[in-house]
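Okay, target.csv is below, CSV, C-alpha atoms:
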chain,number,residue,atom,x,y,z
A,1,MET,CA,1.5,23.7,37.3
A,2,LYS,CA,-0.6,25.3,40.0
A,3,LYS,CA,-1.2,29.0,39.3
A,4,LYS,CA,0.3,31.3,41.9
A,5,LEU,CA,-2.1,34.2,42.6
A,6,LEU,CA,-0.8,37.6,43.3
A,7,LYS,CA,-2.7,40.2,45.4
A,8,LYS,CA,-3.9,41.9,42.2
A,9,ASP,CA,-5.3,38.6,41.0
A,10,TYR,CA,-7.5,38.2,44.1
A,11,ILE,CA,-8.9,41.7,43.5
A,12,LYS,CA,-9.4,40.9,39.8
A,13,ILE,CA,-11.2,37.7,40.7
A,14,TYR,CA,-13.6,39.4,43.1
A,15,THR,CA,-14.1,42.4,40.8
A,16,TYR,CA,-15.1,40.3,37.8
A,17,MET,CA,-17.4,38.0,39.8
A,18,LEU,CA,-19.2,41.0,41.4
A,19,LYS,CA,-19.4,42.8,38.0
A,20,ILE,CA,-21.2,39.7,36.5
A,21,ARG,CA,-23.6,39.6,39.5
A,22,ARG,CA,-24.5,43.3,39.4
A,23,PHE,CA,-24.8,43.2,35.6
A,24,GLU,CA,-27.2,40.3,35.6
A,25,GLU,CA,-29.3,41.9,38.4
A,26,ARG,CA,-29.6,45.0,36.3
A,27,ALA,CA,-30.4,43.0,33.2
A,28,SER,CA,-33.2,41.3,35.2
A,29,GLN,CA,-34.6,44.7,36.0
A,30,LEU,CA,-34.5,45.9,32.4
A,31,TYR,CA,-36.2,42.7,31.2
A,32,GLY,CA,-39.0,43.3,33.7
A,33,MET,CA,-39.4,46.8,32.4
A,34,GLY,CA,-39.7,45.6,28.8
A,35,HIS,CA,-36.4,47.0,27.6
A,36,ILE,CA,-35.1,43.5,26.8
A,37,GLY,CA,-37.1,41.2,24.5
A,38,GLY,CA,-37.0,37.5,23.7
A,39,PHE,CA,-35.2,35.1,26.0
A,40,CYS,CA,-32.8,36.1,28.7
A,41,HIS,CA,-30.7,33.6,30.7
A,42,LEU,CA,-29.0,34.9,33.8
A,43,TYR,CA,-25.7,33.7,35.2
A,44,ILE,CA,-26.3,34.6,38.9
A,45,GLY,CA,-24.8,31.9,41.1
A,46,GLN,CA,-22.4,30.6,38.5
A,47,GLU,CA,-19.8,33.4,38.6
A,48,ALA,CA,-17.0,31.3,40.0
A,49,VAL,CA,-17.0,29.1,37.0
A,50,VAL,CA,-16.2,31.5,34.2
A,51,VAL,CA,-14.0,33.8,36.4
A,52,GLY,CA,-12.0,30.8,37.6
A,53,VAL,CA,-11.4,29.6,34.1
A,54,LEU,CA,-10.7,33.2,33.0
A,55,MET,CA,-7.6,33.3,35.3
A,56,THR,CA,-6.0,30.5,33.3
A,57,ILE,CA,-6.8,31.8,29.7
A,58,LYS,CA,-4.1,33.2,27.5
A,59,ASN,CA,-5.1,36.2,25.3
A,60,ASN,CA,-5.2,34.4,22.0
A,61,ASP,CA,-7.2,31.4,23.3
A,62,SER,CA,-10.7,31.0,22.0
A,63,VAL,CA,-14.0,30.7,23.9
A,64,VAL,CA,-17.4,29.5,22.8
A,65,THR,CA,-20.4,28.9,24.9
A,66,SER,CA,-24.2,28.4,25.0
A,67,TYR,CA,-27.0,31.0,25.4
A,68,ARG,CA,-26.2,31.8,29.0
A,69,ASP,CA,-23.4,34.1,27.8
A,70,HIS,CA,-23.5,37.5,29.4
A,71,GLY,CA,-21.1,36.5,32.2
A,72,HIS,CA,-18.7,34.9,29.7
A,73,MET,CA,-18.4,38.1,27.8
A,74,ILE,CA,-17.7,40.2,30.9
A,75,ALA,CA,-15.1,37.7,32.1
A,76,ARG,CA,-13.5,37.9,28.7
A,77,GLY,CA,-13.0,41.7,29.4
A,78,LEU,CA,-15.7,43.0,27.0
A,79,GLU,CA,-17.5,46.2,27.8
A,80,PRO,CA,-20.6,45.9,29.9
A,81,LYS,CA,-22.2,48.9,28.1
A,82,ARG,CA,-21.9,47.2,24.7
A,83,ILE,CA,-23.2,43.9,26.1
A,84,MET,CA,-26.2,45.8,27.6
A,85,ALA,CA,-26.7,47.5,24.3
A,86,GLU,CA,-26.9,44.1,22.6
A,87,LEU,CA,-29.4,42.9,25.2
A,88,THR,CA,-31.6,45.9,24.4
A,89,GLY,CA,-31.3,45.4,20.6
A,90,LYS,CA,-29.3,48.5,19.9
A,91,SER,CA,-27.0,49.1,16.9
A,92,ASN,CA,-23.8,49.5,19.0
A,93,GLY,CA,-24.2,46.2,20.7
A,94,TYR,CA,-21.6,43.5,20.0
A,95,SER,CA,-23.8,41.8,17.4
A,96,GLY,CA,-25.3,45.0,16.1
A,97,GLY,CA,-28.5,44.6,18.1
A,98,LYS,CA,-29.4,41.4,16.1
A,99,GLY,CA,-28.1,38.7,18.4
A,100,GLY,CA,-29.8,39.7,21.7
A,101,SER,CA,-29.1,37.8,24.8
A,102,MET,CA,-28.3,34.4,23.3
A,103,HIS,CA,-26.1,35.3,20.2
A,104,MET,CA,-23.3,37.7,21.1
A,105,PHE,CA,-20.0,37.5,19.4
A,106,SER,CA,-16.7,39.3,19.4
A,107,LYS,CA,-14.3,37.8,16.9
A,108,GLU,CA,-11.5,40.3,17.8
A,109,ASN,CA,-11.6,38.9,21.3
A,110,ASN,CA,-11.8,35.3,20.1
A,111,PHE,CA,-15.3,35.0,21.6
A,112,TYR,CA,-17.4,32.9,19.2
A,113,GLY,CA,-20.8,33.0,20.9
A,114,GLY,CA,-23.5,32.7,22.4
A,115,HIS,CA,-25.5,29.9,20.7
A,116,GLY,CA,-29.2,29.4,21.3
A,117,ILE,CA,-29.5,25.8,20.1
A,118,VAL,CA,-28.7,23.4,23.0
A,119,GLY,CA,-25.3,21.7,22.4
A,120,ALA,CA,-24.7,23.5,19.0
A,121,GLN,CA,-21.6,25.2,20.3
A,122,VAL,CA,-19.8,21.9,21.0
A,123,PRO,CA,-19.0,20.9,17.4
A,124,ILE,CA,-18.3,24.6,16.7
A,125,GLY,CA,-15.7,24.7,19.5
A,126,THR,CA,-14.3,21.4,18.2
A,127,GLY,CA,-14.0,23.0,14.8
A,128,ILE,CA,-12.2,26.0,16.2
A,129,ALA,CA,-9.7,23.6,17.9
A,130,PHE,CA,-9.2,21.9,14.6
A,131,THR,CA,-8.3,25.2,13.0
A,132,LEU,CA,-5.8,26.0,15.8
A,133,LYS,CA,-4.1,22.6,15.3
A,134,TYR,CA,-4.2,22.9,11.5
A,135,LYS,CA,-2.5,26.2,11.6
A,136,ASN,CA,0.1,25.0,14.2
A,137,GLN,CA,-1.0,27.5,16.7
A,138,LYS,CA,-0.3,26.9,20.4
A,139,ASN,CA,-3.6,28.2,21.6
A,140,ILE,CA,-6.6,26.1,22.8
A,141,CYS,CA,-10.4,26.5,22.6
A,142,ARG,CA,-12.5,26.4,25.7
A,143,THR,CA,-15.9,25.0,24.9
A,144,TYR,CA,-18.5,25.4,27.6
A,145,ILE,CA,-21.4,22.9,27.7
A,146,GLY,CA,-24.5,22.9,29.9
A,147,ASP,CA,-25.5,19.8,31.7
A,148,GLY,CA,-28.7,19.7,29.6
A,149,ALA,CA,-26.6,19.3,26.4
A,150,MET,CA,-24.8,16.2,27.7
A,151,ASN,CA,-27.4,13.8,26.3
A,152,ASN,CA,-27.2,15.3,22.8
A,153,GLY,CA,-25.8,13.3,19.9
A,154,GLN,CA,-23.7,16.0,18.4
A,155,VAL,CA,-21.8,16.3,21.7
A,156,PHE,CA,-20.5,12.7,21.4
A,157,GLU,CA,-19.8,13.2,17.7
A,158,ALA,CA,-17.6,16.1,18.6
A,159,PHE,CA,-15.9,14.1,21.4
A,160,ASN,CA,-15.1,11.4,19.0
A,161,LEU,CA,-13.4,13.7,16.5
A,162,ALA,CA,-11.6,15.7,19.2
A,163,ALA,CA,-10.1,12.4,20.6
A,164,LEU,CA,-9.5,10.9,17.1
A,165,TRP,CA,-7.5,14.0,15.9
A,166,SER,CA,-6.1,14.9,19.3
A,167,LEU,CA,-7.5,18.4,19.1
A,168,PRO,CA,-6.6,21.3,21.6
A,169,VAL,CA,-10.1,21.7,23.1
A,170,LEU,CA,-11.0,21.9,26.8
A,171,TYR,CA,-14.6,21.0,27.3
A,172,ILE,CA,-16.1,22.7,30.4
A,173,ILE,CA,-19.4,21.2,31.6
A,174,GLU,CA,-21.3,23.9,33.6
A,175,ASN,CA,-23.4,21.5,35.7
A,176,ASN,CA,-25.9,23.7,37.4
A,177,MET,CA,-28.0,20.7,38.4
A,178,TYR,CA,-31.0,21.5,36.1
A,179,GLY,CA,-31.5,21.3,32.3
A,180,MET,CA,-34.3,23.8,31.9
A,181,GLY,CA,-36.8,22.5,34.5
A,182,THR,CA,-35.5,18.9,34.8
A,183,ALA,CA,-33.0,17.9,37.5
A,184,VAL,CA,-29.9,16.2,36.1
A,185,ASN,CA,-30.5,13.0,38.0
A,186,ARG,CA,-33.9,12.6,36.3
A,187,ALA,CA,-32.4,13.1,32.8
A,188,ALA,CA,-28.9,11.8,32.8
A,189,ALA,CA,-27.8,8.2,33.6
A,190,GLY,CA,-24.7,8.2,35.7
A,191,SER,CA,-23.8,11.0,38.2
A,192,ASP,CA,-20.4,12.1,36.8
A,193,LEU,CA,-21.0,13.8,33.4
A,194,TYR,CA,-17.3,14.2,32.7
A,195,LYS,CA,-17.0,10.4,32.5
A,196,ARG,CA,-19.0,10.5,29.3
A,197,GLY,CA,-15.7,11.1,27.6
A,198,GLU,CA,-14.0,7.9,28.9
A,199,SER,CA,-15.2,5.7,26.0
A,200,PHE,CA,-13.3,8.0,23.7
A,201,GLY,CA,-10.2,8.0,25.8
A,202,ILE,CA,-10.8,11.6,27.0
A,203,ASN,CA,-9.4,12.5,30.4
A,204,GLY,CA,-11.4,14.5,32.8
A,205,THR,CA,-12.2,15.5,36.4
A,206,ILE,CA,-14.8,17.2,38.5
A,207,VAL,CA,-14.5,20.3,40.7
A,208,ASP,CA,-16.6,22.4,43.1
A,209,GLY,CA,-17.8,25.3,40.9
A,210,MET,CA,-18.9,27.5,43.9
A,211,ASN,CA,-15.3,27.9,45.0
A,212,VAL,CA,-13.4,30.1,42.5
A,213,PHE,CA,-10.0,29.0,43.8
A,214,GLN,CA,-10.7,25.4,43.3
A,215,VAL,CA,-11.9,26.1,39.8
A,216,ILE,CA,-8.7,28.0,39.0
A,217,ASP,CA,-6.5,25.1,40.1
A,218,ALA,CA,-8.6,22.5,38.2
A,219,ALA,CA,-8.8,24.8,35.1
A,220,GLN,CA,-5.0,25.4,35.1
A,221,LYS,CA,-4.3,21.7,35.3
A,222,ALA,CA,-6.8,21.0,32.5
A,223,GLY,CA,-5.6,23.8,30.3
A,224,ASP,CA,-1.9,22.8,30.7
A,225,PHE,CA,-2.8,19.2,29.7
A,226,VAL,CA,-4.5,20.4,26.5
A,227,ARG,CA,-1.9,23.0,25.6
A,228,GLU,CA,0.9,20.5,25.9
A,229,GLY,CA,-0.6,18.5,23.0
A,230,ASN,CA,-2.3,15.7,24.9
A,231,GLY,CA,-5.6,16.1,23.2
A,232,PRO,CA,-9.0,17.1,24.6
A,233,TYR,CA,-9.9,17.2,28.3
A,234,ILE,CA,-13.3,17.4,30.1
A,235,LEU,CA,-13.7,19.5,33.2
A,236,GLU,CA,-17.0,19.2,35.0
A,237,VAL,CA,-17.7,22.2,37.2
A,238,GLN,CA,-20.6,21.6,39.6
A,239,THR,CA,-22.4,24.9,40.2
A,240,TYR,CA,-25.9,26.2,40.8
A,241,ARG,CA,-28.0,28.9,39.2
A,242,TYR,CA,-30.0,31.0,41.6
A,243,ARG,CA,-32.7,32.1,39.1
A,244,GLY,CA,-34.9,30.1,36.8
A,245,HIS,CA,-33.6,28.7,33.5
A,246,SER,CA,-34.6,31.9,31.8
A,247,MET,CA,-36.5,35.0,32.9
A,248,SER,CA,-39.8,33.3,32.0
A,249,ASP,CA,-39.1,30.4,34.4
A,250,PRO,CA,-40.3,30.8,38.0
A,251,ALA,CA,-38.3,27.6,39.0
A,252,LYS,CA,-41.1,26.0,41.0
A,253,TYR,CA,-39.6,22.6,40.4
A,254,ARG,CA,-37.1,23.1,43.3
A,255,SER,CA,-37.7,23.9,46.9
A,256,LYS,CA,-36.9,27.2,48.7
A,257,GLU,CA,-34.8,25.2,51.1
A,258,GLU,CA,-32.7,23.8,48.3
A,259,LEU,CA,-32.0,27.2,46.9
A,260,GLU,CA,-31.1,28.7,50.4
A,261,ASN,CA,-28.7,25.8,51.1
A,262,TYR,CA,-26.8,26.5,47.9
A,263,LYS,CA,-26.7,30.2,48.8
A,264,LEU,CA,-24.8,29.3,52.0
A,265,ASN,CA,-21.8,28.6,49.7
A,266,ASP,CA,-22.2,31.7,47.6
A,267,PRO,CA,-19.2,32.1,45.3
A,268,LEU,CA,-18.9,35.8,46.1
A,269,GLU,CA,-18.9,35.2,49.8
A,270,ILE,CA,-16.3,32.5,49.5
A,271,ALA,CA,-14.0,34.8,47.5
A,272,SER,CA,-14.5,37.8,49.8
A,273,GLN,CA,-13.8,35.8,52.9
A,274,GLU,CA,-10.5,34.5,51.4
A,275,ILE,CA,-9.5,38.0,50.5
A,276,ILE,CA,-10.2,39.4,54.0
A,277,LYS,CA,-8.6,36.4,55.7
A,278,LYS,CA,-5.4,36.9,53.7
A,279,LYS,CA,-5.5,40.7,54.5
A,280,ILE,CA,-5.4,41.6,50.8
A,281,ALA,CA,-8.3,44.0,51.3
A,282,SER,CA,-10.7,45.0,54.0
A,283,LYS,CA,-14.4,44.7,54.1
A,284,LYS,CA,-14.6,48.4,53.4
A,285,ASP,CA,-12.3,48.1,50.4
A,286,LEU,CA,-14.6,45.5,49.0
A,287,GLU,CA,-17.6,47.7,49.6
A,288,ASN,CA,-15.9,50.4,47.7
A,289,ILE,CA,-15.3,48.0,44.8
A,290,ASN,CA,-19.1,47.2,44.9
A,291,LYS,CA,-20.0,50.9,44.8
A,292,LYS,CA,-17.8,51.5,41.7
A,293,ILE,CA,-19.3,48.5,39.9
A,294,ILE,CA,-22.9,49.5,40.7
A,295,LYS,CA,-22.1,52.9,39.1
A,296,GLU,CA,-20.4,51.2,36.1
A,297,ILE,CA,-23.4,49.0,35.5
A,298,LYS,CA,-25.9,51.8,35.9
A,299,ASP,CA,-23.9,53.8,33.3
A,300,ALA,CA,-24.0,50.8,31.1
A,301,ALA,CA,-27.7,50.5,31.3
A,302,ASP,CA,-28.1,54.2,30.6
A,303,TYR,CA,-25.8,54.0,27.6
A,304,ALA,CA,-27.9,51.1,26.3
A,305,LEU,CA,-31.2,52.8,26.7
A,306,ASP,CA,-29.9,56.0,25.1
A,307,SER,CA,-28.4,54.2,22.1
A,308,PRO,CA,-30.2,54.0,18.7
A,309,PHE,CA,-31.9,50.9,17.3
A,310,PRO,CA,-30.4,49.5,14.0
A,311,ALA,CA,-31.5,51.3,10.8
A,312,ASP,CA,-34.1,49.6,8.7
A,313,GLU,CA,-31.6,48.8,6.0
A,314,ASP,CA,-29.5,46.8,8.5
A,315,LEU,CA,-32.2,44.2,8.4
A,316,TYR,CA,-30.5,42.7,5.3
A,317,THR,CA,-26.8,43.0,6.5
A,318,ASN,CA,-25.0,39.8,7.5
A,319,VAL,CA,-27.8,37.7,6.2
A,320,TYR,CA,-26.7,35.0,3.8
A,321,LEU,CA,-29.3,33.6,1.3

Using structure tokens, write down the structure that the file contains.
Amino acid sequence: MKKKLLKKDYIKIYTYMLKIRRFEERASQLYGMGHIGGFCHLYIGQEAVVVGVLMTIKNNDSVVTSYRDHGHMIARGLEPKRIMAELTGKSNGYSGGKGGSMHMFSKENNFYGGHGIVGAQVPIGTGIAFTLKYKNQKNICRTYIGDGAMNNGQVFEAFNLAALWSLPVLYIIENNMYGMGTAVNRAAAGSDLYKRGESFGINGTIVDGMNVFQVIDAAQKAGDFVREGNGPYILEVQTYRYRGHSMSDPAKYRSKEELENYKLNDPLEIASQEIIKKKIASKKDLENINKKIIKEIKDAADYALDSPFPADEDLYTNVYL
């Protein structure tokens, strides 16, 4: 059933997308200043994917994703200040300062990572779906997959079991056109990645991931299919990242013209134009939302920088030998 959006939903959509954008911009600044160490993968340009799917999630549904996870946590409703604290390695971060950018968790919010190994989250998400079915729960697990993971063996092993056991898992392929520095068409045979599930009998479809409203419709249909007990489903969302694969990647493998062409369909602009066209909010209203979010993210950064690092003895906590 197509999800009917209320006025407050439109504002929620825009607010979450903008919050992710502003958060990632500030994270980029902090990384450049040396406050964030290790790897840092930004979500700028892909906001419509996770926010579109967010609008179709029920509270007790589970989510697991790859290392590009900051935006996922924000969309799940987690606190930007604690996400930023994790990025800066502080003790009040969501993983106690030990996970950093790639390994954030919040079990109480059914968010199971953040996984640094390419494709590793796919069998984990499939296992979570098995648990849901085993316990006769009516929830589903949304498992996000990057296009770069779609050639990995464990992905197909997970697909096989999910189809064989008819598990309640929605696989969401975030196809941002590049696996690290390699274009999808140079690494993957066949243009439609969602069709990789056909040999296992898994249904799927493809959607424009720059348009949040199209994502909502497709994600609602896919989620309903899985929740009704029909087994797994694959939703390929075609999107585009504006920055490099990680902060260390200058992205010289693509042209400036290509990037600018994608920015003509900026997900934030599409959402704001729809809101203004429907007279849900004025341009000034949206500017006020932006001002509030800028302050919230600034406060989150200040909170993170002022927070303490983990104590020395915490080095040995949550470590299993």

Problem set entry | Which of A:Ser28, A:Asn60, A:Asn230, A:Asn203 sits closest to Ser101 in chain A [using only C-alpha atoms] | A:Ser28

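Here CA of Val49 in chain A stands at a distance of 11.7 Å from CA of Asp217 in chain A.
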
Exercise. When you draw a straight line from CA of Phe156 in chain A to CA of Thr65 in chain A, how long is it in Å?
Worked result: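 Between these atoms lies a distance of 16.6 Å.
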
Problem set entry | For Ser66 in chain A, the nearest of the candidates A:Lys263, A:Arg227, A:Lys279, A:His103, counting all atoms listed in the file |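 So, comparing all the options, the nearest one is A:His103.
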
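Using only C-alpha atoms, the shortest contact distance between Glu25 in chain A and any of A:Ile294, A:Leu6, A:Ala281, A:Leu305 is found at A:Ile294.
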
Exercise. Leaving out range 86-100 of chain A and any residue of its chain fewer than 3 positions from it, which residues lie within 9 Å of it when counting all atoms listed in the file, given as a count of residues only?
Worked result: 26

Exercise. What lies within 12 Å of Leu164 in chain A using only C-alpha atoms, ignoring chain neighbours under 2 positions off, as a list in words?
Worked result: Thr126, Phe130, Phe156, Glu157, Ala158, Phe159, Asn160, Leu161, Ala162, Ser166, Leu167, Pro168, Ser199, Phe200, Gly201, Ile202, Asn230, Gly231 and Pro232 of chain A

Exercise. Within 10 Å of Val215 in chain A, counting only C-alpha atoms, which residues qualify if same-chain residues fewer than 5 places away don't, as a PyMOL selection string?
Worked result: chain A and resi 48-56+206-210+220-221+235-238

Exercise. Using all atoms listed in the file, which residues sit within 8 Å of range 70-74 of chain A once same-chain residues fewer than 3 positions away are excluded, as a PyMOL selection string?
Worked result: chain A and resi 16+19-20+24+42-43+47+50+65+77-80+83+101+111

Padding of 6 Å on every side, edges along x, y and z, all listed atoms of range 288-301 of chain A included: what centre and edge lengths in Å, to one decimal, does that box have, as AutoDock Vina command-line options?
--center_x -21.5 --center_y 50.5 --center_z 39.4 --size_x 24.4 --size_y 18.6 --size_z 28.6

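Considering the residues A:Asn136, A:Ser248, A:Tyr112, A:Gln154 and counting only C-alpha atoms, Gly32 in chain A has its shortest atom-to-atom contact with A:Ser248.
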
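Considering only C-alpha atoms, the residue among A:Leu170, A:Leu286, A:Ile216, A:Val122 positioned nearest to Gln273 in chain A is A:Leu286.
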
For this session: Show which residues sit within 8 Å of Asn211 in chain A, as a ChimeraX atom specification. Count all atoms listed in the file, and ignore same-chain residues fewer than 6 positions away.
Result: /A:48,267,270-271

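Atom pair CA of Glu269 in chain A / CA of Gly244 in chain A has a distance of 21.2 Å (rounded to one decimal).
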
Exercise. So, counting only C-alpha atoms, which residue among A:Lys278, A:Lys135, A:Arg142, A:His245 is closest to Arg68 in chain A?
Worked result: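 Comparing A:Lys278, A:Lys135, A:Arg142, A:His245 against Arg68 in chain A, the winner is A:His245.
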